[in-house]
Amino acid sequence: QVQLVESGGGSVQTGGSLRLSCAASGYIFSNHCLAWFRQVPGKEREGVASLAVYGSMRFVDSVKGRFTISKDNAKNILYLQMNSLRPEDTAMYYCAAGGEGYYCPVAPGPGIYNYWGQGTQVTVSS
């Protein structure tokens, strides 16, 4: 059974940094798209960053140049490094996996991603 467990959320001030981690079980790191999403109450879940099997990355425009996505294959951990955080980055962040691993969209809604973690809260204060 695939399990995704996020950690690393917290509260920071504007301009600060956080690194989110997502520990995964199973073989998903080698066979699926990996992604981070975020959601605020009352809004649709937003794709933030994705990572394809061969390493291609995609980012939503609002985080380009500030966030990076990476993975440690030996540890089965997906990361989201978030720098220069802004109040509008405040959200619940979710790790996700799915698809065949080659085309990994960053778009609203679940899309191809059918495995989800429980989420970790990120709060950025001004």
# chains A, B, ... in the order shown; residues from 1 in each chain; ligands from 1

call {"tool": "residues_around", "arguments": {"residues": "Gln39 (chain A)", "least_positions_apart": "5", "cutoff": "7 Å", "atoms": "only C-alpha atoms", "output": "list in words"}}
result
Glu44, Arg45, Glu46, Ala91, Met92 and Tyr93 of chain A

call {"tool": "residues_around", "arguments": {"residues": "Ala49 (chain A)", "least_positions_apart": "6", "cutoff": "10 Å", "atoms": "only C-alpha atoms", "output": "ChimeraX atom specification"}}
result
/A:34-38,57-61,63-64,67-70,80,95,104-107

call {"tool": "closest_residue", "arguments": {"among": "A:Pro110, A:Gly15, A:Gly9, A:Gly65", "to": "Gly47 (chain A)", "atoms": "only C-alpha atoms"}}
result
A:Pro110

call {"tool": "closest_residue", "arguments": {"among": "A:Ala96, A:Gly10, A:Gly16, A:Glu88", "to": "Val40 (chain A)", "atoms": "only C-alpha atoms"}}
result
A:Glu88

call {"tool": "atom_distance", "arguments": {"atom1": "CA of Gln13 (chain A)", "atom2": "CA of Ser62 (chain A)"}}
result
18.0 Å

call {"tool": "closest_residue", "arguments": {"among": "A:Pro87, A:Tyr94, A:Gly55, A:Gly99", "to": "Gly117 (chain A)", "atoms": "only C-alpha atoms"}}
result
A:Tyr94

call {"tool": "closest_residue", "arguments": {"among": "A:Leu20, A:Leu4, A:Gly101, A:Ala52", "to": "Gln118 (chain A)", "atoms": "only C-alpha atoms"}}
result
A:Leu4

call {"tool": "closest_atom_pairs", "arguments": {"of": "region 52-110 of chain A", "to": "region 25-32 of chain A", "cutoff": "8 Å", "atoms": "only C-alpha atoms", "output": "JSON lines"}}
result
{"residue": "A:Ala52", "atom": "CA", "partner": "A:His32", "partner_atom": "CA", "distance": 7.3}
{"residue": "A:Val53", "atom": "CA", "partner": "A:Ser30", "partner_atom": "CA", "distance": 6.2}
{"residue": "A:Asn73", "atom": "CA", "partner": "A:Phe29", "partner_atom": "CA", "distance": 6.8}
{"residue": "A:Asn76", "atom": "CA", "partner": "A:Phe29", "partner_atom": "CA", "distance": 6.5}
{"residue": "A:Ala97", "atom": "CA", "partner": "A:His32", "partner_atom": "CA", "distance": 6.1}
{"residue": "A:Gly98", "atom": "CA", "partner": "A:His32", "partner_atom": "CA", "distance": 5.1}
{"residue": "A:Gly99", "atom": "CA", "partner": "A:His32", "partner_atom": "CA", "distance": 5.4}
{"residue": "A:Glu100", "atom": "CA", "partner": "A:His32", "partner_atom": "CA", "distance": 5.1}
{"residue": "A:Gly101", "atom": "CA", "partner": "A:His32", "partner_atom": "CA", "distance": 4.0}
{"residue": "A:Tyr102", "atom": "CA", "partner": "A:His32", "partner_atom": "CA", "distance": 7.8}
